[in-house]
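Below: input.pdb (PDB, C-alpha atoms and all ligand atoms)
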```
MODEL        1
ATOM      1  CA  MET U   1      46.179 -13.747 -12.253
ATOM      2  CA  ASP U   2      47.882 -10.463 -11.593
ATOM      3  CA  GLU U   3      48.152  -7.494 -13.854
ATOM      4  CA  LYS U   4      50.994  -5.059 -14.307
ATOM      5  CA  ASN U   5      50.563  -1.727 -16.024
ATOM      6  CA  ILE U   6      53.473   0.327 -17.227
ATOM      7  CA  THR U   7      53.153   4.074 -17.575
ATOM      8  CA  THR U   8      55.572   6.446 -19.246
ATOM      9  CA  LYS U   9      56.063  10.040 -18.205
ATOM     10  CA  ILE U  10      56.566  12.253 -21.248
ATOM     11  CA  LEU U  11      56.821  16.006 -20.879
ATOM     12  CA  VAL U  12      55.592  17.788 -23.983
ATOM     13  CA  LYS U  13      57.550  21.015 -24.330
ATOM     14  CA  SER U  14      57.995  23.795 -26.821
ATOM     15  CA  TYR U  15      61.480  24.848 -27.923
ATOM     16  CA  ASN U  16      61.215  28.016 -25.840
ATOM     17  CA  GLU U  17      60.595  26.009 -22.670
ATOM     18  CA  LEU U  18      63.979  24.291 -22.948
ATOM     19  CA  LYS U  19      67.114  25.365 -21.089
ATOM     20  CA  ASP U  20      69.751  27.098 -23.219
ATOM     21  CA  VAL U  21      71.981  24.017 -23.358
ATOM     22  CA  GLU U  22      69.007  21.886 -24.424
ATOM     23  CA  LYS U  23      68.167  24.375 -27.165
ATOM     24  CA  GLN U  24      71.764  24.120 -28.397
ATOM     25  CA  LEU U  25      71.475  20.329 -28.459
ATOM     26  CA  VAL U  26      68.231  20.465 -30.441
ATOM     27  CA  ASP U  27      69.838  22.927 -32.869
ATOM     28  CA  LEU U  28      72.803  20.565 -33.295
ATOM     29  CA  ALA U  29      70.526  17.579 -33.957
ATOM     30  CA  LYS U  30      68.735  19.632 -36.614
ATOM     31  CA  GLU U  31      72.066  20.661 -38.115
ATOM     32  CA  ALA U  32      73.140  17.007 -38.195
ATOM     33  CA  THR U  33      70.179  16.057 -40.417
ATOM     34  CA  GLN U  34      71.787  18.025 -43.224
ATOM     35  CA  ASP U  35      74.807  15.691 -43.312
ATOM     36  CA  SER U  36      72.667  12.548 -43.462
ATOM     37  CA  TYR U  37      73.526  10.149 -46.279
ATOM     38  CA  SER U  38      70.086   8.793 -47.086
ATOM     39  CA  PRO U  39      69.671   8.392 -50.857
ATOM     40  CA  TYR U  40      67.396   5.372 -50.366
ATOM     41  CA  SER U  41      64.906   6.524 -47.722
ATOM     42  CA  HIS U  42      65.270  10.290 -48.175
ATOM     43  CA  PHE U  43      64.665  10.403 -44.416
ATOM     44  CA  GLN U  44      67.396  12.481 -42.822
ATOM     45  CA  VAL U  45      67.758  11.753 -39.116
ATOM     46  CA  GLY U  46      69.960  13.821 -36.817
ATOM     47  CA  ALA U  47      71.040  13.098 -33.265
ATOM     48  CA  ALA U  48      73.036  15.173 -30.814
ATOM     49  CA  ILE U  49      74.515  14.034 -27.540
ATOM     50  CA  LEU U  50      75.476  16.074 -24.511
ATOM     51  CA  LEU U  51      78.243  14.707 -22.325
ATOM     52  CA  GLU U  52      78.649  15.449 -18.639
ATOM     53  CA  ASN U  53      81.757  17.516 -19.449
ATOM     54  CA  GLY U  54      79.705  19.801 -21.727
ATOM     55  CA  VAL U  55      80.963  18.371 -25.015
ATOM     56  CA  MET U  56      78.311  17.889 -27.716
ATOM     57  CA  ILE U  57      78.548  15.218 -30.403
ATOM     58  CA  LYS U  58      76.374  14.953 -33.495
ATOM     59  CA  GLY U  59      75.513  12.038 -35.734
ATOM     60  CA  CYS U  60      73.241  11.295 -38.662
ATOM     61  CA  ASN U  61      72.024   8.220 -40.502
ATOM     62  CA  GLN U  62      74.383   6.718 -43.059
ATOM     63  CA  GLU U  63      72.744   4.409 -45.572
ATOM     64  CA  ASN U  64      74.205   1.816 -47.916
ATOM     65  CA  ALA U  65      73.122   0.062 -51.116
ATOM     66  CA  ALA U  66      73.185  -3.104 -49.024
ATOM     67  CA  PHE U  67      70.475  -1.802 -46.707
ATOM     68  CA  PRO U  68      71.367  -3.514 -43.383
ATOM     69  CA  VAL U  69      74.873  -2.082 -43.558
ATOM     70  CA  GLY U  70      73.599   1.435 -42.848
ATOM     71  CA  ILE U  71      73.423   2.906 -39.387
ATOM     72  CA  CYS U  72      70.907   5.130 -37.601
ATOM     73  CA  ALA U  73      71.749   8.637 -36.463
ATOM     74  CA  GLU U  74      71.482   7.783 -32.776
ATOM     75  CA  ARG U  75      74.040   4.983 -32.946
ATOM     76  CA  ALA U  76      76.334   7.000 -35.220
ATOM     77  CA  ALA U  77      76.386   9.689 -32.534
ATOM     78  CA  ILE U  78      76.486   7.529 -29.425
ATOM     79  CA  PHE U  79      79.228   5.180 -30.651
ATOM     80  CA  ASN U  80      81.256   8.258 -31.537
ATOM     81  CA  ALA U  81      80.836   9.360 -27.909
ATOM     82  CA  GLY U  82      81.825   5.899 -26.675
ATOM     83  CA  ALA U  83      84.914   5.855 -28.882
ATOM     84  CA  ASN U  84      86.143   9.345 -28.041
ATOM     85  CA  TYR U  85      84.930   9.867 -24.465
ATOM     86  CA  PRO U  86      84.594   6.329 -23.067
ATOM     87  CA  ASP U  87      84.603   7.431 -19.438
ATOM     88  CA  VAL U  88      82.379  10.493 -19.676
ATOM     89  CA  PRO U  89      78.686   9.912 -18.890
ATOM     90  CA  ILE U  90      76.068  11.038 -21.396
ATOM     91  CA  THR U  91      73.455  13.317 -19.911
ATOM     92  CA  CYS U  92      71.114  13.971 -22.827
ATOM     93  CA  ILE U  93      70.320  12.986 -26.407
ATOM     94  CA  ALA U  94      68.198  14.889 -28.913
ATOM     95  CA  VAL U  95      66.784  13.280 -32.053
ATOM     96  CA  THR U  96      65.016  14.811 -35.012
ATOM     97  CA  ALA U  97      64.353  14.141 -38.696
ATOM     98  CA  PHE U  98      64.041  16.097 -41.910
ATOM     99  CA  THR U  99      62.200  14.805 -44.957
ATOM    100  CA  GLN U 100      60.449  16.192 -48.024
ATOM    101  CA  GLY U 101      61.925  19.629 -47.413
ATOM    102  CA  ASP U 102      60.922  20.046 -43.786
ATOM    103  CA  PHE U 103      61.425  18.816 -40.241
ATOM    104  CA  VAL U 104      58.968  16.147 -39.171
ATOM    105  CA  GLU U 105      55.790  17.298 -37.460
ATOM    106  CA  ASP U 106      55.651  14.446 -34.941
ATOM    107  CA  PRO U 107      58.617  13.924 -32.601
ATOM    108  CA  CYS U 108      61.078  11.482 -34.120
ATOM    109  CA  SER U 109      61.449   8.339 -32.039
ATOM    110  CA  PRO U 110      64.465   5.988 -32.020
ATOM    111  CA  CYS U 111      64.107   2.468 -33.407
ATOM    112  CA  GLY U 112      64.305  -0.489 -31.022
ATOM    113  CA  VAL U 113      67.942  -1.230 -31.816
ATOM    114  CA  CYS U 114      68.956   2.352 -31.012
ATOM    115  CA  ARG U 115      66.944   2.305 -27.785
ATOM    116  CA  GLN U 116      68.872  -0.782 -26.706
ATOM    117  CA  ALA U 117      72.188   0.854 -27.679
ATOM    118  CA  ILE U 118      71.455   4.079 -25.797
ATOM    119  CA  LEU U 119      70.258   2.105 -22.787
ATOM    120  CA  GLU U 120      73.607   0.355 -22.508
ATOM    121  CA  PHE U 121      75.344   3.728 -22.131
ATOM    122  CA  GLU U 122      72.934   4.618 -19.359
ATOM    123  CA  THR U 123      73.468   1.373 -17.437
ATOM    124  CA  ARG U 124      77.228   1.599 -18.044
ATOM    125  CA  SER U 125      77.529   5.044 -16.430
ATOM    126  CA  GLY U 126      74.757   4.494 -13.878
ATOM    127  CA  LYS U 127      73.382   7.940 -14.698
ATOM    128  CA  PRO U 128      70.095   8.666 -16.466
ATOM    129  CA  ILE U 129      70.162   9.955 -20.030
ATOM    130  CA  LYS U 130      67.479  12.514 -20.777
ATOM    131  CA  VAL U 131      65.848  11.933 -24.167
ATOM    132  CA  MET U 132      64.459  14.737 -26.305
ATOM    133  CA  LEU U 133      62.410  13.653 -29.308
ATOM    134  CA  VAL U 134      62.032  16.652 -31.524
ATOM    135  CA  GLY U 135      59.079  17.448 -33.762
ATOM    136  CA  LYS U 136      58.416  20.697 -35.569
ATOM    137  CA  SER U 137      56.187  22.255 -32.939
ATOM    138  CA  LYS U 138      56.570  19.952 -29.933
ATOM    139  CA  ILE U 139      59.357  18.149 -28.135
ATOM    140  CA  TYR U 140      58.858  15.015 -26.066
ATOM    141  CA  VAL U 141      61.161  14.933 -23.050
ATOM    142  CA  LEU U 142      61.757  11.688 -21.142
ATOM    143  CA  ASP U 143      63.877  11.479 -18.000
ATOM    144  CA  THR U 144      65.556   8.176 -18.810
ATOM    145  CA  VAL U 145      66.089   5.773 -21.710
ATOM    146  CA  LYS U 146      64.338   3.105 -19.604
ATOM    147  CA  ASP U 147      61.104   4.966 -20.329
ATOM    148  CA  LEU U 148      61.633   4.195 -24.015
ATOM    149  CA  LEU U 149      62.305   0.531 -23.377
ATOM    150  CA  PRO U 150      60.183  -0.927 -20.583
ATOM    151  CA  LEU U 151      61.021  -4.484 -19.496
ATOM    152  CA  CYS U 152      64.406  -3.988 -21.072
ATOM    153  CA  PHE U 153      67.145  -6.559 -21.262
ATOM    154  CA  THR U 154      70.230  -5.337 -19.454
ATOM    155  CA  GLU U 155      72.678  -7.885 -18.074
ATOM    156  CA  PHE U 156      72.766 -11.596 -17.711
TER     157      PHE U 156
HETATM  158  N1  LIG H 201      66.685   5.944 -38.806
HETATM  159  C1  LIG H 201      67.476   6.556 -37.894
HETATM  160  O1  LIG H 201      68.502   7.157 -38.219
HETATM  161  N2  LIG H 201      67.095   6.487 -36.602
HETATM  162  C2  LIG H 201      66.015   5.788 -36.153
HETATM  163  O2  LIG H 201      65.845   5.640 -34.952
HETATM  164  C3  LIG H 201      65.060   5.235 -37.102
HETATM  165  C4  LIG H 201      65.472   5.239 -38.512
HETATM  166  C5  LIG H 201      67.115   5.982 -40.209
HETATM  167  C6  LIG H 201      67.501   4.648 -40.768
HETATM  168  C7  LIG H 201      67.283   4.867 -42.240
HETATM  169  O3  LIG H 201      68.455   5.445 -42.788
HETATM  170  C8  LIG H 201      66.161   5.870 -42.312
HETATM  171  O4  LIG H 201      66.071   6.450 -41.017
HETATM  172  C9  LIG H 201      64.815   5.283 -42.689
HETATM  173  O5  LIG H 201      64.481   4.226 -41.877
ENDMDL
END
```

As structure tokens - that is how I would like this structure written.
Amino acid sequence: MDEKNITTKILVKSYNELKDVEKQLVDLAKEATQDSYSPYSHFQVGAAILLENGVMIKGCNQENAAFPVGICAERAAIFNAGANYPDVPITCIAVTAFTQGDFVEDPCSPCGVCRQAILEFETRSGKPIKVMLVGKSKIYVLDTVKDLLPLCFTEF
């Protein structure tokens, strides 16, 4: 028998350690939480995407009385990017959440479906997408979406 261990590099940064453009992206993700439509969960998620051409796109979760119809913030943002800038690579995504009157303490992490969706944009452009998971006092920074989805399914 053989054994394989998978390790994930996560940089834990404070807001002040980010580059200016990264700070702007985090600010935009936070701003996006305020437009969330989440009357069922009361969990307002915001995502912001930076494109290679400098454009930033925000998205937030949109819920529905028929629960599965709703969409997460990450996919709302990334599909917007795909629809409006299909040929421009994504360089970074920031995700955060606001609930019970405050931003979450622990960095907000995308669900499995969103990880798979973001990964497809990375494989499509062939360029890594930096991921910033934003909590109130710490930000997890990962170099690539693959770090969020080890042993991922890509093409067949
Ligand atoms: N949600 C997101 O927007 N992103 C995630 O990655 C996880 C969950 C949303 C979906 C739902 O509207 C609410 O958070 C509670 O699950």

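With only C-alpha atoms and all ligand atoms as the atoms that count, the set of residues no farther than 7 Å from ligand LIG 201 (chain H) is Ser38, Ser41, Phe43, Gln44, Val45, Gly46, Cys60, Asn61, Gln62, Glu63, Gly70, Ile71, Cys72, Ala73, Glu74, Ser109, Pro110, Cys111 and Cys114 of chain U.
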
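Using all atoms listed in the file, the protein and nucleic acid residues lying no more than 9 Å from U:Glu122, apart from those fewer than 5 places from it along its own chain, are Pro89, Ile90, Thr91, Lys127, Pro128, Ile129, Thr144, Val145 and Lys146 of chain U.
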
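Reported to one decimal place, the separation of atom CA of U:Ser14 from atom CA of U:Ser137 is 6.6 Å.
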
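Picked by the PyMOL selection byres (((chain U and resi 141) around 8) and not hetatm) from the coordinates shown: Ile10, Leu11, Val12, Lys13, Lys130, Val131, Met132, Leu133, Ile139, Tyr140, Leu142 and Asp143 of chain U.
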
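From atom CA of U:Gln100 back to atom CA of U:Ala117, the distance works out to 28.1 Å.
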
U:Gly59: which residues within 8 Å, counting all atoms listed in the file, same-chain residues fewer than 4 positions away excluded, as a ChimeraX atom specification?
/U:29,32,46-48,73-78

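Between atom CA of U:Thr123 and atom CA of U:Ala97 the separation is 26.4 Å.
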
Residues picked by the PyMOL selection byres (((chain U and resi 3-7) around 9) and not hetatm) here, as a VMD selection string?
chain U and resid 1 to 2 8 to 9 147 150

Please evaluate the PyMOL selection byres (((chain U and resi 85) around 12) and not hetatm) against the structure above and give the resulting residues as a list in words.
Ile49, Leu50, Leu51, Glu52, Asn53, Gly54, Val55, Met56, Ile57, Ala77, Ile78, Phe79, Asn80, Ala81, Gly82, Ala83, Asn84, Pro86, Asp87, Val88, Pro89, Ile90, Phe121 and Ser125 of chain U

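A search radius of 7 Å centred on (71.2, 19.1, -28.1), applied to all atoms listed in the file, returns the residues Val21, Glu22, Lys23, Gln24, Leu25, Val26, Asp27, Leu28, Ala29, Ala48, Ile49, Leu50, Ile93 and Ala94 of chain U.
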
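Considering all atoms listed in the file, the residue among U:Lys30, U:Ser36, U:His42, U:Cys152 positioned nearest to U:Gly112 is U:Cys152.
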
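Proximity ranking of U:Gln116, U:Thr96, U:Thr154, U:Asn64 relative to U:Lys138 places U:Thr96 first, based on only C-alpha atoms.
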
I need stretch 136-151 of chain U written out with all heavy atoms, as a PDB file, in the first residue's frame; please produce it.
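Saved file decode.pdb follows:
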```pdb
ATOM      1  N   LYS U 136     -13.278  38.637   9.752  1.00  0.00           N
ATOM      2  CA  LYS U 136     -13.220  39.979  10.331  1.00  0.00           C
ATOM      3  C   LYS U 136     -11.789  40.433  10.624  1.00  0.00           C
ATOM      4  O   LYS U 136     -11.402  41.553  10.323  1.00  0.00           O
ATOM      5  CB  LYS U 136     -14.038  39.996  11.617  1.00  0.00           C
ATOM      6  CG  LYS U 136     -14.815  41.263  11.812  1.00  0.00           C
ATOM      7  CD  LYS U 136     -15.838  41.071  12.898  1.00  0.00           C
ATOM      8  CE  LYS U 136     -15.655  42.112  13.975  1.00  0.00           C
ATOM      9  NZ  LYS U 136     -16.595  41.951  15.072  1.00  0.00           N
ATOM     10  N   SER U 137     -10.991  39.528  11.199  1.00  0.00           N
ATOM     11  CA  SER U 137      -9.642  39.970  11.563  1.00  0.00           C
ATOM     12  C   SER U 137      -8.535  39.188  10.859  1.00  0.00           C
ATOM     13  O   SER U 137      -7.356  39.432  11.106  1.00  0.00           O
ATOM     14  CB  SER U 137      -9.466  39.866  13.080  1.00  0.00           C
ATOM     15  OG  SER U 137      -9.836  38.583  13.504  1.00  0.00           O
ATOM     16  N   LYS U 138      -8.914  38.235  10.001  1.00  0.00           N
ATOM     17  CA  LYS U 138      -7.877  37.536   9.228  1.00  0.00           C
ATOM     18  C   LYS U 138      -8.402  37.141   7.855  1.00  0.00           C
ATOM     19  O   LYS U 138      -9.598  36.910   7.681  1.00  0.00           O
ATOM     20  CB  LYS U 138      -7.325  36.317   9.971  1.00  0.00           C
ATOM     21  CG  LYS U 138      -8.347  35.283  10.367  1.00  0.00           C
ATOM     22  CD  LYS U 138      -7.630  34.102  11.040  1.00  0.00           C
ATOM     23  CE  LYS U 138      -8.597  33.010  11.453  1.00  0.00           C
ATOM     24  NZ  LYS U 138      -9.376  33.284  12.644  1.00  0.00           N
ATOM     25  N   ILE U 139      -7.462  37.089   6.918  1.00  0.00           N
ATOM     26  CA  ILE U 139      -7.806  36.766   5.533  1.00  0.00           C
ATOM     27  C   ILE U 139      -6.943  35.592   5.092  1.00  0.00           C
ATOM     28  O   ILE U 139      -5.709  35.646   5.205  1.00  0.00           O
ATOM     29  CB  ILE U 139      -7.562  37.989   4.619  1.00  0.00           C
ATOM     30  CG1 ILE U 139      -8.453  39.153   5.076  1.00  0.00           C
ATOM     31  CG2 ILE U 139      -7.817  37.643   3.157  1.00  0.00           C
ATOM     32  CD1 ILE U 139      -8.123  40.488   4.449  1.00  0.00           C
ATOM     33  N   TYR U 140      -7.599  34.531   4.634  1.00  0.00           N
ATOM     34  CA  TYR U 140      -6.854  33.393   4.095  1.00  0.00           C
ATOM     35  C   TYR U 140      -6.595  33.652   2.616  1.00  0.00           C
ATOM     36  O   TYR U 140      -7.525  33.950   1.865  1.00  0.00           O
ATOM     37  CB  TYR U 140      -7.645  32.093   4.228  1.00  0.00           C
ATOM     38  CG  TYR U 140      -7.821  31.567   5.637  1.00  0.00           C
ATOM     39  CD1 TYR U 140      -8.739  30.554   5.897  1.00  0.00           C
ATOM     40  CD2 TYR U 140      -7.067  32.058   6.702  1.00  0.00           C
ATOM     41  CE1 TYR U 140      -8.913  30.052   7.177  1.00  0.00           C
ATOM     42  CE2 TYR U 140      -7.240  31.555   7.984  1.00  0.00           C
ATOM     43  CZ  TYR U 140      -8.162  30.557   8.221  1.00  0.00           C
ATOM     44  OH  TYR U 140      -8.335  30.068   9.485  1.00  0.00           O
ATOM     45  N   VAL U 141      -5.329  33.513   2.212  1.00  0.00           N
ATOM     46  CA  VAL U 141      -4.977  33.736   0.813  1.00  0.00           C
ATOM     47  C   VAL U 141      -4.401  32.447   0.234  1.00  0.00           C
ATOM     48  O   VAL U 141      -3.435  31.887   0.760  1.00  0.00           O
ATOM     49  CB  VAL U 141      -3.951  34.889   0.679  1.00  0.00           C
ATOM     50  CG1 VAL U 141      -3.626  35.138  -0.791  1.00  0.00           C
ATOM     51  CG2 VAL U 141      -4.484  36.166   1.324  1.00  0.00           C
ATOM     52  N   LEU U 142      -5.031  31.968  -0.832  1.00  0.00           N
ATOM     53  CA  LEU U 142      -4.564  30.749  -1.517  1.00  0.00           C
ATOM     54  C   LEU U 142      -4.161  31.129  -2.936  1.00  0.00           C
ATOM     55  O   LEU U 142      -4.819  31.949  -3.578  1.00  0.00           O
ATOM     56  CB  LEU U 142      -5.674  29.696  -1.562  1.00  0.00           C
ATOM     57  CG  LEU U 142      -6.141  29.161  -0.205  1.00  0.00           C
ATOM     58  CD1 LEU U 142      -7.316  29.954   0.345  1.00  0.00           C
ATOM     59  CD2 LEU U 142      -6.552  27.701  -0.326  1.00  0.00           C
ATOM     60  N   ASP U 143      -3.105  30.504  -3.435  1.00  0.00           N
ATOM     61  CA  ASP U 143      -2.558  30.881  -4.736  1.00  0.00           C
ATOM     62  C   ASP U 143      -3.403  30.422  -5.915  1.00  0.00           C
ATOM     63  O   ASP U 143      -3.307  30.968  -7.006  1.00  0.00           O
ATOM     64  CB  ASP U 143      -1.156  30.284  -4.911  1.00  0.00           C
ATOM     65  CG  ASP U 143      -0.158  30.961  -3.999  1.00  0.00           C
ATOM     66  OD1 ASP U 143      -0.407  32.119  -3.606  1.00  0.00           O
ATOM     67  OD2 ASP U 143       0.869  30.331  -3.687  1.00  0.00           O
ATOM     68  N   THR U 144      -4.176  29.366  -5.723  1.00  0.00           N
ATOM     69  CA  THR U 144      -4.924  28.779  -6.826  1.00  0.00           C
ATOM     70  C   THR U 144      -6.198  28.100  -6.313  1.00  0.00           C
ATOM     71  O   THR U 144      -6.227  27.632  -5.167  1.00  0.00           O
ATOM     72  CB  THR U 144      -4.051  27.742  -7.588  1.00  0.00           C
ATOM     73  OG1 THR U 144      -4.899  26.831  -8.306  1.00  0.00           O
ATOM     74  CG2 THR U 144      -3.170  26.938  -6.670  1.00  0.00           C
ATOM     75  N   VAL U 145      -7.213  28.040  -7.154  1.00  0.00           N
ATOM     76  CA  VAL U 145      -8.460  27.378  -6.765  1.00  0.00           C
ATOM     77  C   VAL U 145      -8.227  25.890  -6.518  1.00  0.00           C
ATOM     78  O   VAL U 145      -8.941  25.260  -5.734  1.00  0.00           O
ATOM     79  CB  VAL U 145      -9.540  27.554  -7.864  1.00  0.00           C
ATOM     80  CG1 VAL U 145     -10.879  27.051  -7.383  1.00  0.00           C
ATOM     81  CG2 VAL U 145      -9.642  28.999  -8.290  1.00  0.00           C
ATOM     82  N   LYS U 146      -7.190  25.334  -7.194  1.00  0.00           N
ATOM     83  CA  LYS U 146      -6.906  23.894  -7.014  1.00  0.00           C
ATOM     84  C   LYS U 146      -6.638  23.578  -5.543  1.00  0.00           C
ATOM     85  O   LYS U 146      -6.914  22.474  -5.078  1.00  0.00           O
ATOM     86  CB  LYS U 146      -5.718  23.476  -7.871  1.00  0.00           C
ATOM     87  CG  LYS U 146      -6.032  23.456  -9.353  1.00  0.00           C
ATOM     88  CD  LYS U 146      -4.954  22.738 -10.138  1.00  0.00           C
ATOM     89  CE  LYS U 146      -5.210  22.859 -11.628  1.00  0.00           C
ATOM     90  NZ  LYS U 146      -4.883  24.200 -12.153  1.00  0.00           N
ATOM     91  N   ASP U 147      -6.113  24.556  -4.811  1.00  0.00           N
ATOM     92  CA  ASP U 147      -5.860  24.338  -3.386  1.00  0.00           C
ATOM     93  C   ASP U 147      -7.154  24.177  -2.592  1.00  0.00           C
ATOM     94  O   ASP U 147      -7.149  23.647  -1.477  1.00  0.00           O
ATOM     95  CB  ASP U 147      -5.043  25.499  -2.807  1.00  0.00           C
ATOM     96  CG  ASP U 147      -3.579  25.410  -3.211  1.00  0.00           C
ATOM     97  OD1 ASP U 147      -3.147  24.316  -3.624  1.00  0.00           O
ATOM     98  OD2 ASP U 147      -2.878  26.435  -3.131  1.00  0.00           O
ATOM     99  N   LEU U 148      -8.260  24.676  -3.158  1.00  0.00           N
ATOM    100  CA  LEU U 148      -9.547  24.532  -2.478  1.00  0.00           C
ATOM    101  C   LEU U 148     -10.237  23.229  -2.859  1.00  0.00           C
ATOM    102  O   LEU U 148     -11.224  22.843  -2.240  1.00  0.00           O
ATOM    103  CB  LEU U 148     -10.498  25.667  -2.895  1.00  0.00           C
ATOM    104  CG  LEU U 148     -10.402  27.018  -2.225  1.00  0.00           C
ATOM    105  CD1 LEU U 148     -11.421  27.959  -2.848  1.00  0.00           C
ATOM    106  CD2 LEU U 148     -10.634  26.918  -0.731  1.00  0.00           C
ATOM    107  N   LEU U 149      -9.735  22.606  -3.920  1.00  0.00           N
ATOM    108  CA  LEU U 149     -10.422  21.430  -4.452  1.00  0.00           C
ATOM    109  C   LEU U 149      -9.412  20.377  -4.904  1.00  0.00           C
ATOM    110  O   LEU U 149      -9.264  20.115  -6.102  1.00  0.00           O
ATOM    111  CB  LEU U 149     -11.299  21.877  -5.630  1.00  0.00           C
ATOM    112  CG  LEU U 149     -12.492  21.020  -6.004  1.00  0.00           C
ATOM    113  CD1 LEU U 149     -13.454  20.842  -4.846  1.00  0.00           C
ATOM    114  CD2 LEU U 149     -13.214  21.626  -7.195  1.00  0.00           C
ATOM    115  N   PRO U 150      -8.710  19.765  -3.935  1.00  0.00           N
ATOM    116  CA  PRO U 150      -7.735  18.746  -4.312  1.00  0.00           C
ATOM    117  C   PRO U 150      -8.417  17.546  -4.979  1.00  0.00           C
ATOM    118  O   PRO U 150      -9.596  17.296  -4.718  1.00  0.00           O
ATOM    119  CB  PRO U 150      -7.092  18.344  -2.989  1.00  0.00           C
ATOM    120  CG  PRO U 150      -7.845  18.991  -1.914  1.00  0.00           C
ATOM    121  CD  PRO U 150      -8.802  19.978  -2.502  1.00  0.00           C
ATOM    122  N   LEU U 151      -7.706  16.878  -5.831  1.00  0.00           N
ATOM    123  CA  LEU U 151      -8.231  15.729  -6.589  1.00  0.00           C
ATOM    124  C   LEU U 151      -9.470  16.130  -7.400  1.00  0.00           C
ATOM    125  O   LEU U 151     -10.447  15.390  -7.493  1.00  0.00           O
ATOM    126  CB  LEU U 151      -8.582  14.557  -5.665  1.00  0.00           C
ATOM    127  CG  LEU U 151      -7.433  13.977  -4.825  1.00  0.00           C
ATOM    128  CD1 LEU U 151      -7.946  12.821  -3.978  1.00  0.00           C
ATOM    129  CD2 LEU U 151      -6.290  13.511  -5.696  1.00  0.00           C
TER     130      LEU U 151
END
```
